[in-house]
Every structure is written in C-alpha cells, then in structure tokens.
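Trainee: run17.csv is reproduced in full below (CSV, C-alpha atoms).
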chain,number,residue,atom,x,y,z
A,1,MET,CA,12.4,-14.4,25.8
A,2,ALA,CA,14.9,-14.1,23.0
A,3,LYS,CA,18.3,-15.7,23.5
A,4,GLY,CA,21.6,-14.0,22.7
A,5,HIS,CA,23.1,-10.6,22.9
A,6,ARG,CA,21.1,-7.6,21.7
A,7,SER,CA,23.3,-6.9,18.7
A,8,GLN,CA,23.0,-10.6,17.7
A,9,ILE,CA,19.2,-10.5,17.8
A,10,LYS,CA,19.2,-7.3,15.7
A,11,ARG,CA,21.6,-8.8,13.2
A,12,GLU,CA,19.3,-11.9,12.8
A,13,ARG,CA,16.2,-9.7,12.5
A,14,ASN,CA,17.8,-7.5,9.8
A,15,ALA,CA,19.0,-10.5,7.8
A,16,ASN,CA,15.4,-11.4,7.1
A,17,ASN,CA,14.7,-8.2,5.3
A,18,ASP,CA,12.9,-8.5,2.0
A,19,THR,CA,15.0,-7.2,-0.9
A,20,ARG,CA,12.1,-6.8,-3.3
A,21,PRO,CA,11.3,-3.2,-4.3
A,22,SER,CA,8.3,-1.7,-2.6
A,23,ALA,CA,6.4,1.4,-1.7
A,24,LYS,CA,4.3,2.2,1.2
A,25,LEU,CA,1.7,4.9,1.8
A,26,SER,CA,0.7,5.5,5.4
A,27,TYR,CA,-2.5,7.4,6.5
A,28,ALA,CA,-4.2,7.4,3.1
A,29,ARG,CA,-7.6,9.0,3.4
A,30,VAL,CA,-9.5,6.1,1.9
A,31,SER,CA,-11.1,3.1,3.7
A,32,VAL,CA,-9.5,-0.3,3.5
A,33,GLN,CA,-12.5,-1.8,1.7
A,34,LYS,CA,-12.4,0.8,-1.1
A,35,ALA,CA,-8.6,0.5,-1.5
A,36,CYS,CA,-8.9,-3.3,-1.7
A,37,PHE,CA,-11.3,-3.1,-4.7
A,38,VAL,CA,-8.5,-1.3,-6.6
A,39,LEU,CA,-5.7,-3.5,-5.3
A,40,ASP,CA,-7.5,-6.7,-6.3
A,41,ALA,CA,-7.6,-5.5,-9.9
A,42,ILE,CA,-3.8,-5.2,-10.2
A,43,ARG,CA,-2.5,-8.0,-8.0
A,44,GLY,CA,-0.3,-10.4,-10.0
A,45,LYS,CA,-0.3,-8.3,-13.2
A,46,ASP,CA,2.8,-6.8,-14.9
A,47,VAL,CA,3.4,-3.2,-14.2
A,48,ALA,CA,2.4,-1.9,-17.7
A,49,THR,CA,-1.0,-3.6,-17.5
A,50,ALA,CA,-1.4,-2.5,-13.9
A,51,LEU,CA,-0.8,1.2,-14.8
A,52,ALA,CA,-3.2,0.9,-17.6
A,53,VAL,CA,-5.9,-0.5,-15.3
A,54,LEU,CA,-5.3,2.2,-12.7
A,55,GLU,CA,-5.4,5.0,-15.4
A,56,TYR,CA,-8.9,4.1,-16.5
A,57,ASN,CA,-10.4,3.0,-13.2
A,58,PRO,CA,-13.0,5.6,-12.0
A,59,ARG,CA,-12.4,5.0,-8.3
A,60,TYR,CA,-10.7,7.6,-6.1
A,61,ALA,CA,-8.3,5.0,-4.6
A,62,SER,CA,-7.0,4.2,-8.1
A,63,SER,CA,-5.2,7.6,-8.3
A,64,ILE,CA,-3.5,7.0,-5.0
A,65,VAL,CA,-2.5,3.4,-5.9
A,66,LYS,CA,-1.2,4.6,-9.3
A,67,LYS,CA,1.2,7.1,-7.7
A,68,LEU,CA,2.3,4.4,-5.2
A,69,LEU,CA,2.9,1.9,-8.0
A,70,GLU,CA,5.0,4.5,-10.0
A,71,SER,CA,7.0,5.1,-6.9
A,72,ALA,CA,7.7,1.4,-6.4
A,73,ILE,CA,8.7,1.1,-10.1
A,74,ALA,CA,11.2,4.0,-9.6
A,75,ASN,CA,12.6,2.3,-6.5
A,76,ALA,CA,13.1,-0.9,-8.5
A,77,GLU,CA,14.8,0.9,-11.3
A,78,ASN,CA,17.1,3.2,-9.2
A,79,ASN,CA,17.8,1.3,-6.0
A,80,ASN,CA,17.8,-2.3,-7.3
A,81,GLY,CA,18.7,-1.8,-11.0
A,82,MET,CA,15.9,-4.0,-12.2
A,83,ASN,CA,14.4,-4.1,-15.7
A,84,VAL,CA,11.0,-2.4,-15.8
A,85,GLU,CA,9.6,-4.7,-18.6
A,86,LYS,CA,10.1,-7.7,-16.3
A,87,LEU,CA,8.4,-6.3,-13.2
A,88,TYR,CA,5.1,-7.4,-11.9
A,89,VAL,CA,3.0,-6.7,-8.8
A,90,ALA,CA,3.9,-9.5,-6.4
A,91,GLU,CA,2.0,-8.3,-3.4
A,92,CYS,CA,-0.3,-5.4,-2.6
A,93,SER,CA,-2.4,-4.9,0.5
A,94,ALA,CA,-4.2,-2.3,2.5
A,95,ASN,CA,-4.2,-2.3,6.3
A,96,LYS,CA,-6.4,-0.4,8.7
A,97,GLY,CA,-5.1,2.9,9.9
A,98,PRO,CA,-6.5,5.3,12.5
A,99,THR,CA,-10.0,6.6,12.3
A,100,MET,CA,-10.9,10.3,12.6
A,101,LYS,CA,-14.1,10.7,14.5
A,102,ARG,CA,-16.4,13.6,13.7
A,103,VAL,CA,-19.8,14.6,14.9
A,104,ARG,CA,-22.9,15.3,12.7
A,105,PRO,CA,-25.7,17.3,14.4
A,106,ARG,CA,-29.1,15.7,14.1
A,107,ALA,CA,-32.7,16.6,15.0
A,108,GLN,CA,-33.7,17.2,18.7
A,109,GLY,CA,-30.2,17.8,19.9
A,110,ARG,CA,-28.8,14.5,19.0
A,111,ALA,CA,-25.4,13.9,17.4
A,112,TYR,CA,-24.4,11.1,15.0
A,113,ARG,CA,-20.8,10.0,14.7
A,114,ILE,CA,-19.0,10.1,11.4
A,115,GLU,CA,-16.0,7.9,11.0
A,116,LYS,CA,-13.4,9.0,8.5
A,117,ARG,CA,-11.3,6.0,7.9
A,118,MET,CA,-7.6,5.8,6.9
A,119,SER,CA,-5.5,3.0,5.6
A,120,HIS,CA,-1.9,2.0,5.1
A,121,ILE,CA,-1.3,0.8,1.5
A,122,ILE,CA,1.7,-1.4,0.5
A,123,VAL,CA,2.8,-2.4,-3.0
A,124,VAL,CA,5.6,-4.9,-3.5
A,125,LEU,CA,7.1,-5.7,-7.0
A,126,ASP,CA,9.2,-8.6,-8.2
A,127,GLU,CA,10.9,-9.7,-11.5
A,128,ARG,CA,9.6,-12.5,-13.6
Using the file provided, produce a representation of the structure as structure tokens.
Mentor:
Amino acid sequence: MAKGHRSQIKRERNANNDTRPSAKLSYARVSVQKACFVLDAIRGKDVATALAVLEYNPRYASSIVKKLLESAIANAENNNGMNVEKLYVAECSANKGPTMKRVRPRAQGRAYRIEKRMSHIIVVLDER
C-alpha cells in the first residue's frame, strides 16, 4: 500500500512524467507484428530519414506510422519549441489492442473464427 496522502501520491506520480514529445495512436487496425516491421526500420533514425523511409515503404502500416511521426514532429515544434533538424526517433513501439472476432462460414455447417487484430502505436522523439 502506498504511503502518504492522496494528493502527495498524485504529485509524486505526475513529477515522473516524460517531457519528450510523443504521439500515440490507439486502436490502429493493423496487427502488432506488421506494425513492428515498420517501426524497426525507423527506430533511432533522425526524423528526415525516418519520413523518407516511411514514404517509400510499401507496407500498409507505414502510412499509419508516417502520420503519427508527423504528429509527433508537430508536437515537438509547437508544444516544446524544439528544432526539427535535431530531432530523432528515440522510442517507438506497438502494443496489443483488442481483437475483433468475426465468423467465416465453412463447409458442412462449420464456422471458422477470423481475428481482426488492433494495436496501440507510440512514437517518442528526442533532440540530439
């Protein structure tokens, strides 16, 4: 059990907030595996290179991650006043979201389950 008054606990928890600019997309209609292929390609790169990689990547997830990266860049510029030339992708990850379950009719009255997976994608930037 946590010690201290409720307001003190909240104050300590909020003091640990990360000030790096980030963007999060919840419930993206792409599986975690497919999103991670794209995220692995841009992790650690500067934002100009990462945008170029995403522009010419043929995967569907790259269009989603590109919009998310552009949003994180805008957050860094407007909210934190950072220089865009110095930014790089510090962290990017995809976590499992809920799964939509659908039924596919098969022969002899059987039914197969189709799982339409979702993911939560996070992109965190930082200055070099």
Trainee: Tell me, in Å to one decimal, how far atom CA of Arg29 of chain A is from atom CA of Pro98 of chain A.
Mentor: 9.9 Å
Trainee: With all atoms listed in the file as the counted atoms, please give the residues lying no more than 7 Å from segment 107-117 of chain A, apart from itself and same-chain residues fewer than 3 positions off, as number ranges by chain.
Mentor: A: 29-31, 98-104
Trainee: For the atom pair atom CA of Leu68 of chain A and atom CA of Val123 of chain A, what is the interatomic distance in Å to one decimal place?
Mentor: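 The value is 7.2 Å.
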Trainee: Using only C-alpha atoms, which residues sit within 7 Å of segment 58-61 of chain A once same-chain residues fewer than 3 positions away are excluded, as a list in words?
Mentor: Val30, Lys34, Ala35, Val38, Ile64 and Val65 of chain A
Trainee: Would you mind listing what lies within 9 Å of segment 83-92 of chain A as a PyMOL selection string, with all atoms listed in the file counted and same-chain residues fewer than 3 positions away left out?
Mentor: chain A and resi 36+39-40+42-48+50+69+73-74+76-77+121-128
Trainee: Expressed in Å to a single decimal, how great is the separation between atom CA of Arg20 of chain A and atom CA of Glu55 of chain A?
Mentor: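 The value is 24.3 Å.
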Trainee: Between A:Met118, A:Ile9, A:Leu25, A:Leu54, which is the closest to Ser71 of chain A once you count only C-alpha atoms?
Mentor: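 Once distances to Ser71 of chain A are computed over only C-alpha atoms, the minimum belongs to A:Leu25.
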